Each structure stands twice: as structure tokens, then as C-alpha cells.
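Colleague: First the structure, which I've put down as C-alpha cells, then a few questions once you've had a look.
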Amino acid sequence: MEHTNRAYASLFTNFVAHANRVGYEDGLNFWGGSTIFDPNGDPVVRAPDFEEAMTFAEIDLNQLHRSRSRLPLLRDERTNLVLHELERILGEK
Amino acid sequence: MIDLTINTKLAEKILTGFIHTEVTRTGFKKALLGVSGGIDSALSLYLSAKALGPENILALRMPYKTSSPDTLEDAQTMIDDLGVQSRTIDITAMVDAFINQHEDMDKKRAGNIMARMRMIVLFDQSAVFNGLVMGTSNKTELLLGYSTIYGDSAAALQPIGNLYKTQVRQLAQALGVPEKVIKKTPSADLWQGQTDEGELGFTYEEVDQLLYLLVDQRYKPEACVDEGFDKGFVERVMRMMRQNHFKRVMPPIAKLSQRTIGYDFLYPRDWGT
């Protein structure tokens, strides 16, 4: 889960906040451990595992432009090409 | 080599939390279980005592005349060690009353009858004790179907049902189950000289590794053979899993109306709690 959230944060150079519940639902166990990752993919905060917690963190929105200058994935994305390719792939089904 | 090592601290935390939550959400605070002296019921007993407090646990010893006295003694050692409540109810008279009516009785049928008599005693005592019946089945036997339906498989909860036998040993060790119980040759003790591995024809070490690939890692049977498992062994385990699947699911209900239990009436077990 953390790998995925961290990957999304890095790839989209965005903050990713993930809130996970704690406790048992229909016998199934949820582990807590909520996280925020910053646009570099670095952890900002992590809630404890298996325990209820009120977890605060401050997000510096200026970090968005700093990360995106360093790694201009969003700027360089050719959205028309992506859209075109997605339509082609879906059309192939 | 497939590594089935578990984080025993984490498993203990999740399983004691599971027992506590699932027992108390239905309005109960107590639980009872059959304690044979074997490792599965021992681990279930230690986890239950931790989760609910020893005073809220009733350990039932239910020997048959051929049950090993040694094993019965091991059960008592653990009962004393934990300080849980206990009762001993001999099932010989009730089992023999039934068995003796059938001249063609074989040991497999007799074994099933013993398992089901123990179920009757457990559910009867649950009404007296006002607690839920705790199951003691592990993942290996649930997957192989190595159990008696409505016998040892009958329970309100199955706390160790996601642990392979080799993992049961790890957690039992971590929780302080006596070494003698952990090291004992696994047996359903339904007839003298019976051992699980003798009856199954393979060891738990071997089959746990195979089941891990087949079930947890979703390997195809052919891929398990490529990994070095004997073809006949893989086929036999697949057959056992399929043949006994009916033991793991609720009986199907024939659909006649718009809403049928099991198909489109599908609330979770903790519905409304």
C-alpha cells in the first residue's frame, strides 16, 4: 500500500494522503498506518499501526512547484497522445 | 526454499484483537473450546485466554475410552498454567451407545461420530456457560478438508484458520505453549496409533509449502511441478482441496424468488452490530 502511494506521489509530483481505518469489519482486520507522501515521494507523516490516532501534518504547497521544476513530468506529458493511445487500446477490445 | 516464517508478535496482536472484537460484538464476553492436548487447540486456548481473560474461558476435555491419557494430562497442564475454567466430559457412553447399534461400523465412521459427539457437548455447554464456541482448525486442514463437517469444523469463530500447521508451531512457541505439546506427533487421536501424517501420506512441512504456492501465490498445479513438487503429490492435494470444498461453504439454497439467502441477500456476518 505504501509502495503504491509513494509511487503515485512521485509519478504525479503530488501530495498523496491515505487514510486507513483500524479495527475489524466482518472479521477482516484493518491496520491503520495512514500516511502522507510529498511530491518527491518522501513521507510527511505516518500514523501508528493498529491504533486509533488523530494525526496532523502541515503540507507546504510551495513544494509542488519546486518538485515539478526538478522533475517536470506533468509539464512534459503529451496529454493528447495519452488520450489517443487510451482510446486506441480501449477500441481494440 | 519457501519461507513460511510469520511475525508472531503481529499475528498475536491481530488474532487476540479478532477474538475480542468478534466475541464481544455479538454481546458475549465468554468463549469455550475443546482442548485435546494437541497443538491447535492449545494455541487457540492461549490466544483466547489472552484476548478475553482466563476467567472467561472454559476448556473442555472430552476423552473417549481410547484417548491417550498422556494427552489428557497435557491438556490439564495447560489449563492449570493459564488458570482458565475447565470441565471433563467423557464421551465414551454416548459414542458407544451409537456405535454399538451398527455391526458394520468402521474406524472412519467412528472417528466422525466422536468428532460430532464432541460438537454436541460443546454446543450444549455453550448454553450453560453463555459463551461462544471457538474453533481450532488450521489452514492446512481447512484447505485439505481434513476435518469432520459439523464435528470439529463446527464453531462460531476460527481464529487460527489462516495459519498453516507449520505457522501454528511458530506462534505456539512464541505464546509459551509447552514444548512437549509443540513437539508431539500430530494426531486426531480418533483411534489408537493414528497420526495425521501417516493417514495423509505426507508431512505438514511438505504440504504447507505446496499449499502456499497453490493458494496464496496462485500458482497453477503445473507450475508447482516445475518448482520441484512431485506430480502425483500436487494432483492429490488439488483433488483433496476440490473434493472437500463443500465443507468450507454454506450449503447452496435453490433459488426461487427475487431474494435468496446466499445469492442476493448478502449481509456481512457483523450486520447491525
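Letters A, B, ... mark the chains of the C-alpha cells in the order given; residue numbers begin at 1 per chain; ligand numbers begin at 1, in order shown.
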Among the residues of chain A, find those DSSP assigns to alpha helix (DSSP H) from the backbone and print them as a ChimeraX atom specification.

Modeller: /A:2-11,62-70,73-76,79-92

Colleague: Quick one: write out the picked residues with C-alpha atoms as a PDB file, in the first residue's frame?

Modeller:
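Contents of selection-v4.pdb, as written:
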ATOM      1  CA  GLU A   2       2.732   2.444   0.954  1.00  0.00           C
ATOM      2  CA  HIS A   3       4.741   1.482  -2.130  1.00  0.00           C
ATOM      3  CA  THR A   4       1.747   2.321  -4.316  1.00  0.00           C
ATOM      4  CA  ASN A   5       1.000   5.642  -2.617  1.00  0.00           C
ATOM      5  CA  ARG A   6       4.609   6.617  -2.740  1.00  0.00           C
ATOM      6  CA  ALA A   7       4.815   5.721  -6.431  1.00  0.00           C
ATOM      7  CA  TYR A   8       1.753   7.841  -7.215  1.00  0.00           C
ATOM      8  CA  ALA A   9       3.175  10.785  -5.264  1.00  0.00           C
ATOM      9  CA  SER A  10       6.463  10.602  -7.189  1.00  0.00           C
ATOM     10  CA  LEU A  11       4.936   9.957 -10.606  1.00  0.00           C
ATOM     11  CA  ASN A  62       5.169  25.545  -2.467  1.00  0.00           C
ATOM     12  CA  GLN A  63       6.831  22.201  -2.621  1.00  0.00           C
ATOM     13  CA  LEU A  64       4.674  21.358  -5.631  1.00  0.00           C
ATOM     14  CA  HIS A  65       6.423  23.847  -7.927  1.00  0.00           C
ATOM     15  CA  ARG A  66       9.822  23.004  -6.513  1.00  0.00           C
ATOM     16  CA  SER A  67       9.381  19.280  -7.192  1.00  0.00           C
ATOM     17  CA  ARG A  68       7.796  19.897 -10.565  1.00  0.00           C
ATOM     18  CA  SER A  69      10.690  22.145 -11.672  1.00  0.00           C
ATOM     19  CA  ARG A  70      13.115  19.426 -10.734  1.00  0.00           C
ATOM     20  CA  LEU A  73       6.716  15.050 -15.646  1.00  0.00           C
ATOM     21  CA  LEU A  74       3.400  16.874 -15.709  1.00  0.00           C
ATOM     22  CA  ARG A  75       4.668  19.733 -17.867  1.00  0.00           C
ATOM     23  CA  ASP A  76       6.136  17.338 -20.408  1.00  0.00           C
ATOM     24  CA  THR A  79      -1.971  14.594 -22.940  1.00  0.00           C
ATOM     25  CA  ASN A  80      -3.305  14.300 -26.481  1.00  0.00           C
ATOM     26  CA  LEU A  81      -1.017  11.368 -27.156  1.00  0.00           C
ATOM     27  CA  VAL A  82      -2.036   9.702 -23.884  1.00  0.00           C
ATOM     28  CA  LEU A  83      -5.714  10.220 -24.696  1.00  0.00           C
ATOM     29  CA  HIS A  84      -5.265   8.950 -28.221  1.00  0.00           C
ATOM     30  CA  GLU A  85      -3.431   5.843 -27.033  1.00  0.00           C
ATOM     31  CA  LEU A  86      -6.022   5.113 -24.351  1.00  0.00           C
ATOM     32  CA  GLU A  87      -8.798   5.329 -26.923  1.00  0.00           C
ATOM     33  CA  ARG A  88      -6.874   3.044 -29.249  1.00  0.00           C
ATOM     34  CA  ILE A  89      -6.309   0.452 -26.501  1.00  0.00           C
ATOM     35  CA  LEU A  90      -9.943   0.561 -25.413  1.00  0.00           C
ATOM     36  CA  GLY A  91     -11.082   0.302 -29.044  1.00  0.00           C
ATOM     37  CA  GLU A  92      -9.033  -2.865 -29.522  1.00  0.00           C
TER      38      GLU A  92
END

Colleague: Counting only C-alpha atoms, what are the residues of chain B within 10 Å of chain A, and for each of them which pair of atoms is the nearest and at what distance in Å, to one decimal? Sort the table by chain and rising number, as CSV.

Modeller:
residue,atom,partner,partner_atom,distance
B:Leu10,CA,A:Phe50,CA,9.8
B:Lys13,CA,A:Phe50,CA,8.8
B:Ile14,CA,A:Asn29,CA,7.2
B:Leu15,CA,A:Asn29,CA,9.2
B:Gly17,CA,A:Gly23,CA,8.2
B:Phe18,CA,A:Gly27,CA,6.8
B:Ile19,CA,A:Gly27,CA,9.2
B:Thr21,CA,A:Tyr24,CA,7.1
B:Glu22,CA,A:Gly27,CA,6.9
B:Leu157,CA,A:Gly27,CA,9.1
B:Pro159,CA,A:Gly27,CA,9.8
B:Tyr267,CA,A:Asp26,CA,9.4
B:Pro268,CA,A:Asp26,CA,5.6
B:Arg269,CA,A:Asp26,CA,5.6
B:Asp270,CA,A:Asp26,CA,5.3
B:Trp271,CA,A:Asp26,CA,7.9
B:Thr273,CA,A:Asp26,CA,9.9

Colleague: What's around A:Asn20 at 8 Å? Count only C-alpha atoms, leave out sequence neighbours fewer than 2 positions away in its own chain, and write the answer as a PDB file with C-alpha atoms, in the first residue's frame.

Modeller:
ATOM      1  CA  HIS A  18      -4.119   7.879   2.500  1.00  0.00           C
ATOM      2  CA  VAL A  22      -8.453   0.491  12.311  1.00  0.00           C
ATOM      3  CA  PHE A  30      -7.636  -3.154   9.098  1.00  0.00           C
ATOM      4  CA  TRP A  31      -4.207  -1.980  10.140  1.00  0.00           C
ATOM      5  CA  GLY A  32      -4.326   1.823  10.313  1.00  0.00           C
ATOM      6  CA  GLY A  33      -0.944   3.311   9.447  1.00  0.00           C
ATOM      7  CA  SER A  34      -2.327   6.272   7.474  1.00  0.00           C
TER       8      SER A  34
END

Colleague: For the structure I just gave you, how does DSSP split stretch 2-93 of chain A - specifically, which residues are strand (DSSP E)? Reply as an NGL selection string.

Modeller: :A and (16-18 or 22-25 or 28-31 or 35-37 or 43-46)

Colleague: I want to know what sits within 9 Å of stretch 114-127 of chain B, based on only C-alpha atoms, with residues of the same chain fewer than 5 positions away left out; could you give that as a list in words?

Modeller: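 Surrounding residues, per the criterion: Ala31, Leu32, Leu33, Gly34, Leu60, Met62, Tyr64, Ile89, Ile91, Thr92, Met94, Val95, Arg109, Leu132, Val133, Ser147, Thr148, Ile149, Tyr150, Gly151, Asp152, Ser153, Ala154, Ala155 and Leu190 of chain B.
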